[in-house]
Structures are given as structure tokens and as C-alpha cells.
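Novice: Quick one: the structure is below, and I'll ask about it shortly.
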Amino acid sequence: MSSNIDPRSCRVALLCGGKSNEREISLASGEGAREALETAGFPVEMIDPADKGDLKRLIDEPFDVAFLCLHGKYGEDGTMQGFLDLIDLPYTCSGVWSSALAMDKAKAKVFYERENIPTPPSMTVVKGQQVDAQAVIEAMGEKVVVKPGTEGSAIGVFVVEGAEAIEEALAKAFEIDNEVLIERYIKGREYTIAVVGNQNPEALPIIEIVPKSDFYDFESKYAVGGSQHICPADLPEDIAARMRQEAVKAHKALSCSGTSRSDFILEEDGTCWVLETNTIPGMTKTSLLPDAARAAGMSFPELCTKLIECALEEKKL
């Protein structure tokens with residue numbers, strides 16, 4: 001892959017760590033990206049936003065671009081993006097509004113539905129609100145997915161069945177977030193599709209995720225051997241083309257830039273559903289975006305270079 005920039009003259013601030021519940025995963029992502037960026041020839045400095053001294057370095061030192069490996073609150077939700085906009089430092093992945101929107105699962109669904117992107121029916125409840133579990137069952141079905149409204153990495157996600165289990169899952173989810181999504185359970189196979197680009201984004205090869213657990217939970221995502229990634233997924237071309245199209249539509253619906261990764265459930269009858277869109281996909285050894293890039297013939301260093309090109313291009317627009 002030819003590059004439009006000279007990596008040797010582009011000083012990268014690699015942001016990882018932070019204050020979210022996903023700090024350790026972010027640090028692992030940062031280490032993976034650092035190795036890839038240095039292989040590509042970029043001079044890289046690791047920056048931890050949890051350290052005020054590191055934040056001051058972003059203001060004082062002559063960085064050319066920030067490479068974001070932050071996951072969860074205060075990093076993936078638009079907070080850090082707003083800070084970087086204020087100091088006029090280009091950064092990888094989506095901007096403030098898109099980052100905040102994608103992080104809020106309930107609000108993202110509004111934009112999916114507006115663009116006719118299929119997404120499982122859901123209801124949103126807030127902390128302190130009285131929830132009638134039987135009414136939930138009548139609306140969503142006996143088996144539901146309960147998830148915090150603004151967390152990632154499947155933190156606090158529960159697949160439960162029955163009124164008592166729903167009430168217990170809600171109590172646990174409210175320990176993590178003030179807003180909780182209750183979603184109809186869709187039985188099917190799990191897939192994820194990464195998209196790369198700004199004005200003309202393209203979907204990378206589809207990955208089927210075969211978790212060792214009942215669903216793609218935290219351990220399945222990050223434990224070695226927690227899940228199997230099949231890439232490219234073995235799908236009929238008409239279904240694969242439709243899913244890639246929906247991934248690009250989700251990317252555009254949330255006004256994402258640089259990259260995104262949308263998660264899907266595919267039912268036996270061929271119906272596909274978009275679950276959520278991640279604006280800063282992981283960069284660990286078990287992460288999905290680097291896997292998809294490799295299947296498209298793009299090495300990890302080339303992928304990181306592409307994301308920096310997108311960041312600098314977005315700054316010029």
C-alpha cells in the first residue's frame with residue numbers, strides 16, 4: 001500500500017490508558033498500535049490521559065497527530081476528541097459528535113432507524129425509574145439483552161430470561177451506568193464488519209465471531225482463545241454484500257470518520273441486525289480490525305498508516 005505521508009516526519013502521540021473501566025484493554029491496544037506504528041517508521045510517544053502531565057505534553061510538544069487507542073468513557077465518548085479539537089491537534093477516528101453518539105447505544109439506534117438500518121427493538125430505562133419486568137417481557141419477549149447505555153467491551157451485558165433474572169440484570173447494570181438498554185434477544189450467528197475511510201468509506205472483509213461463551217462477552221473478546229475469528233466469513237455473497245452495505249450505512253448514519261466497526265447478528269432466515277457501532281476498535285493481539293485488514297491484504301503497520309492519513313485528511317476538510 002502506497003502512503004501519501006512520510007512517516008519519519010510525522011510525530012505521533014499515541015493515546016492509551018485513560019480513566020475508563022476499559023483502561024487495561026486500552027493499554028494493550030496502545031502497545032499493539034505502538035509496535036505497528038514504529039514498524040511503519042513513525043516516531044511515537046505514549047500518552048496516558050489519566051496523567052495531567054501527559055495532557056500538558058499534548059499542548060506543549062510539537063505532535064503532528066494523535067493516534068487514539070482509548071476505549072470507554074473519557075476517551076471514546078467525545079471527551080478527548082473535544083480536548084484535541086481545542087488544541088488543534090488532528091486525531092484518528094471520529095469527531096466529538098459522532099463519538100458521543102455511537103457511545104450512547106439508545107441514541108445511536110435512533111439514527112439507525114432513521115436510515116432504515118435494521119436494529120433489534122429495545123427500550124431504555126434510567127436509574128430510579130420503576131421497571132415492570134412483566135411489561136418488559138410483553139414488549140421485548142421472555143429472553144432479553146440488558147446492557148449499560150454507554151459502556152463498551154460488553155461490560156455489564158447480560159442475556160437473561162424471565163422476570164426475576166431481568167430485575168437482577170437491571171440492578172447490576174445500574175451499578176455501572178445511569179441509563180440501561182433492554183433489547184430483544186435475537187438468536188443467530190455473530191459477525192462484525194470494520195469500515196475504513198472518510199468521505200468514501202469501504203467495508204473490510206466480514207469476520208464471523210464464534211465465542212466460547214454463550215455470547216461475545218468481555219472474556220470472549222480479550223482472553224486468548226476466548227473466541228474464534230473466521231475471516232473472511234463463509235457467507236452467501238448476496239447476504240455478505242447486504243451486511244457490508246449496512247455497515248457502511250451505519251458508519252455514515254453516525255457520521256463516523258477514519259474507521260468504525262459494527263457488530264451484527266444474522267438469523268437463520270438471512271435477516272441481519274446491527275447491534276452497535278464502535279468508533280475506536282481495539283488494537284490488541286486478539287482484536288478484530290487488524291484481522292479484517294489482514295484479510296483485505298493490509299498489514300497492521302499499513303492499517304495504522306491509513307488511519308493517520310484519514311486523520312490528516314479530515315483535518316483539511
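FYI, nothing fancy with the C-alpha cells labels: chains A, B, ... in order, residues from 1 per chain, ligands from 1 as they appear.
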To test your reading of the structure, identify every residue in stretch 102-313 of chain A that backbone DSSP assigns to strand (DSSP E), and report it as a PyMOL selection string.
Specialist: chain A and resi 122-126+143-148+158-161+179-184+189-196+202-203+207-211+227-230+259-266+272-278
Novice: Give me the residues within 9 Å of A:Ala253 as a list of chain:residue names, counting only C-alpha atoms and dropping any in the same chain fewer than 4 places off.
Specialist: A:Ala108, A:Phe111, A:Tyr112, A:Arg114, A:Glu115, A:Ile117, A:Val248, A:Lys249
Novice: Counting only C-alpha atoms, which residues of stretch 175-270 of chain A fall within 6 Å of stretch 78-93 of chain A, and what is the closest atom pair for each with its distance in Å at one decimal, ordered by chain and rising number, as JSON lines?
Specialist:
{"residue": "A:Ser257", "atom": "CA", "partner": "A:Cys93", "partner_atom": "CA", "distance": 5.5}
{"residue": "A:Gly258", "atom": "CA", "partner": "A:Cys93", "partner_atom": "CA", "distance": 4.6}
{"residue": "A:Thr259", "atom": "CA", "partner": "A:Cys93", "partner_atom": "CA", "distance": 5.7}
Novice: Find the spatial neighbours of stretch 232-235 of chain A, counting only C-alpha atoms, within a cut-off of 10 Å - ignore same-chain residues fewer than 2 positions away - and output them as a list in words.
Specialist: Tyr191, Thr192, Leu204, Pro205, Ile206, Ile207, Glu208, Ile209, His229, Ile230, Glu237, Asp238, Ile239, Ala240, Ala241, Asp291, Ala292, Ala295 and Ala296 of chain A
Novice: I want to know what sits within 10 Å of stretch 102-107 of chain A, based on only C-alpha atoms, with residues of the same chain fewer than 3 positions away left out; could you give that as a PyMOL selection string?
Specialist: chain A and resi 72-73+76-78+94+97-99+110-112+122-125+147-152+179-183+250-251+253-256+260+275-279
Novice: What's the separation between atom CA of A:Ile280 and atom CA of A:Glu313, in Å to one decimal place?
Specialist: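 Result for atom CA of A:Ile280 versus atom CA of A:Glu313: 17.6 Å, one decimal.
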Novice: By how many Å are atom CA of A:Ser287 and atom CA of A:Glu22 apart?
Specialist: 14.1 Å
Novice: For stretch 303-309 of chain A, work out the shell of residues within 8 Å, counting only C-alpha atoms and skipping chain neighbours fewer than 5 positions away, then give it as a list in words.
Specialist: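 Once the adjacent positions are removed, what remains is Ser3, Asn4, Ile5, Pro7, Ala33, Ala36, Leu37, Ala40, Val65, Phe67, Tyr91, Thr92, Cys93, Val196, Gly258, Thr259, Pro290, Ala293 and Met298 of chain A.
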Novice: Kindly save the residues from that selection, with N, CA, C and O atoms included, as a PDB file, in the first residue's frame.
Specialist:
ATOM      1  N   SER A   3       1.737   5.184   0.509  1.00  0.00           N
ATOM      2  CA  SER A   3       1.297   6.158   1.501  1.00  0.00           C
ATOM      3  C   SER A   3       1.515   7.570   0.977  1.00  0.00           C
ATOM      4  O   SER A   3       2.461   7.837   0.227  1.00  0.00           O
ATOM      5  N   ASN A   4       0.613   8.485   1.398  1.00  0.00           N
ATOM      6  CA  ASN A   4       0.720   9.887   0.987  1.00  0.00           C
ATOM      7  C   ASN A   4       1.535  10.717   1.966  1.00  0.00           C
ATOM      8  O   ASN A   4       1.690  11.911   1.774  1.00  0.00           O
ATOM      9  N   ILE A   5       2.043  10.090   3.022  1.00  0.00           N
ATOM     10  CA  ILE A   5       2.817  10.830   4.013  1.00  0.00           C
ATOM     11  C   ILE A   5       4.144  10.127   4.254  1.00  0.00           C
ATOM     12  O   ILE A   5       4.296   8.936   4.002  1.00  0.00           O
ATOM     13  N   PRO A   7       6.261   8.835   7.040  1.00  0.00           N
ATOM     14  CA  PRO A   7       6.129   8.534   8.473  1.00  0.00           C
ATOM     15  C   PRO A   7       7.238   9.142   9.316  1.00  0.00           C
ATOM     16  O   PRO A   7       6.996   9.552  10.459  1.00  0.00           O
ATOM     17  N   ALA A  33      -0.615  -0.986  18.818  1.00  0.00           N
ATOM     18  CA  ALA A  33      -0.507   0.069  17.819  1.00  0.00           C
ATOM     19  C   ALA A  33       0.890   0.676  17.792  1.00  0.00           C
ATOM     20  O   ALA A  33       1.406   1.028  16.723  1.00  0.00           O
ATOM     21  N   ALA A  36       3.154  -1.427  15.696  1.00  0.00           N
ATOM     22  CA  ALA A  36       2.821  -1.308  14.275  1.00  0.00           C
ATOM     23  C   ALA A  36       3.265   0.044  13.708  1.00  0.00           C
ATOM     24  O   ALA A  36       3.815   0.124  12.604  1.00  0.00           O
ATOM     25  N   LEU A  37       3.036   1.109  14.464  1.00  0.00           N
ATOM     26  CA  LEU A  37       3.414   2.447  14.002  1.00  0.00           C
ATOM     27  C   LEU A  37       4.925   2.589  13.868  1.00  0.00           C
ATOM     28  O   LEU A  37       5.427   3.175  12.896  1.00  0.00           O
ATOM     29  N   ALA A  40       6.120   0.945  10.866  1.00  0.00           N
ATOM     30  CA  ALA A  40       5.840   1.764   9.685  1.00  0.00           C
ATOM     31  C   ALA A  40       6.783   2.944   9.557  1.00  0.00           C
ATOM     32  O   ALA A  40       6.817   3.609   8.509  1.00  0.00           O
ATOM     33  N   VAL A  65       0.010  14.452  15.003  1.00  0.00           N
ATOM     34  CA  VAL A  65      -1.268  13.747  15.010  1.00  0.00           C
ATOM     35  C   VAL A  65      -1.370  12.915  16.288  1.00  0.00           C
ATOM     36  O   VAL A  65      -0.352  12.484  16.843  1.00  0.00           O
ATOM     37  N   PHE A  67      -2.933   9.451  17.795  1.00  0.00           N
ATOM     38  CA  PHE A  67      -3.466   8.145  17.415  1.00  0.00           C
ATOM     39  C   PHE A  67      -4.206   7.600  18.635  1.00  0.00           C
ATOM     40  O   PHE A  67      -3.609   7.342  19.680  1.00  0.00           O
ATOM     41  N   TYR A  91      -6.576  13.986  14.953  1.00  0.00           N
ATOM     42  CA  TYR A  91      -6.607  12.695  15.645  1.00  0.00           C
ATOM     43  C   TYR A  91      -7.330  11.654  14.792  1.00  0.00           C
ATOM     44  O   TYR A  91      -8.152  11.983  13.944  1.00  0.00           O
ATOM     45  N   THR A  92      -6.982  10.407  15.048  1.00  0.00           N
ATOM     46  CA  THR A  92      -7.598   9.307  14.321  1.00  0.00           C
ATOM     47  C   THR A  92      -9.023   9.061  14.840  1.00  0.00           C
ATOM     48  O   THR A  92      -9.373   9.433  15.945  1.00  0.00           O
ATOM     49  N   CYS A  93      -9.804   8.438  13.986  1.00  0.00           N
ATOM     50  CA  CYS A  93     -11.184   8.032  14.298  1.00  0.00           C
ATOM     51  C   CYS A  93     -12.124   9.243  14.312  1.00  0.00           C
ATOM     52  O   CYS A  93     -11.781  10.310  13.839  1.00  0.00           O
ATOM     53  N   VAL A 196     -13.434   1.462   6.775  1.00  0.00           N
ATOM     54  CA  VAL A 196     -12.307   2.393   6.795  1.00  0.00           C
ATOM     55  C   VAL A 196     -12.535   3.475   5.749  1.00  0.00           C
ATOM     56  O   VAL A 196     -12.910   3.173   4.606  1.00  0.00           O
ATOM     57  N   GLY A 258     -12.572   7.952   9.549  1.00  0.00           N
ATOM     58  CA  GLY A 258     -11.393   7.125   9.814  1.00  0.00           C
ATOM     59  C   GLY A 258     -11.723   5.655   9.798  1.00  0.00           C
ATOM     60  O   GLY A 258     -11.429   4.938   8.843  1.00  0.00           O
ATOM     61  N   THR A 259     -12.366   5.186  10.853  1.00  0.00           N
ATOM     62  CA  THR A 259     -12.765   3.782  10.912  1.00  0.00           C
ATOM     63  C   THR A 259     -13.914   3.619  11.884  1.00  0.00           C
ATOM     64  O   THR A 259     -14.157   4.461  12.753  1.00  0.00           O
ATOM     65  N   PRO A 290      -7.598  -5.291  13.047  1.00  0.00           N
ATOM     66  CA  PRO A 290      -6.375  -5.761  12.381  1.00  0.00           C
ATOM     67  C   PRO A 290      -6.573  -7.081  11.629  1.00  0.00           C
ATOM     68  O   PRO A 290      -5.990  -7.280  10.562  1.00  0.00           O
ATOM     69  N   ALA A 293      -8.295  -6.212   8.359  1.00  0.00           N
ATOM     70  CA  ALA A 293      -7.350  -5.541   7.463  1.00  0.00           C
ATOM     71  C   ALA A 293      -6.415  -6.553   6.809  1.00  0.00           C
ATOM     72  O   ALA A 293      -6.141  -6.479   5.600  1.00  0.00           O
ATOM     73  N   MET A 298      -3.965  -5.867   3.892  1.00  0.00           N
ATOM     74  CA  MET A 298      -3.370  -4.690   4.518  1.00  0.00           C
ATOM     75  C   MET A 298      -2.709  -5.107   5.827  1.00  0.00           C
ATOM     76  O   MET A 298      -3.366  -5.628   6.725  1.00  0.00           O
TER      77      MET A 298
END
Novice: Ranking A:Gly162, A:Gly128, A:Pro281, A:Gly270 by minimum distance to A:Lys187 and counting only C-alpha atoms, which one comes first?
Specialist: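 Looking only at the distances to A:Lys187, the closest residue turns out to be A:Gly270.
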Novice: Near A:Ala165, counting only C-alpha atoms, which residues have an atom at most 12 Å away, once you skip same-chain residues fewer than 4 positions from it, shown as a PyMOL selection string?
Specialist: chain A and resi 133-134+136-137+142-146+158-161+169-172
Novice: Please produce an output containing C-alpha atoms for each residue in the selection, written as a short mmCIF file (atom, residue, chain, number, x, y, z; two decimals), in the first residue's frame.
Specialist:
data_model
loop_
_atom_site.label_atom_id
_atom_site.label_comp_id
_atom_site.auth_asym_id
_atom_site.auth_seq_id
_atom_site.Cartn_x
_atom_site.Cartn_y
_atom_site.Cartn_z
CA ALA A 133 -40.41 -6.78 34.36
CA GLN A 134 -43.65 -8.35 33.08
CA VAL A 136 -40.70 -5.68 29.57
CA ILE A 137 -41.43 -9.32 28.69
CA GLU A 142 -39.17 -13.60 27.58
CA LYS A 143 -35.45 -13.53 26.75
CA VAL A 144 -33.72 -10.15 26.54
CA VAL A 145 -30.31 -8.50 26.49
CA VAL A 146 -29.65 -5.98 29.27
CA PHE A 158 -26.44 -9.78 30.43
CA VAL A 159 -28.51 -12.21 28.37
CA VAL A 160 -31.34 -13.21 30.68
CA GLU A 161 -34.72 -14.90 30.64
CA ALA A 169 -29.61 -7.88 35.50
CA LEU A 170 -31.04 -4.35 35.67
CA ALA A 171 -29.75 -3.92 39.22
CA LYS A 172 -26.26 -5.00 38.17
#
Novice: Can you list, as a VMD selection string, all residues belonging to stretch 103-301 of chain A that DSSP tags as helix (DSSP H, G or I)?
Specialist: chain A and resid 103 105 to 114 133 to 140 163 to 174 218 to 222 237 to 253 288 to 295 300 to 301
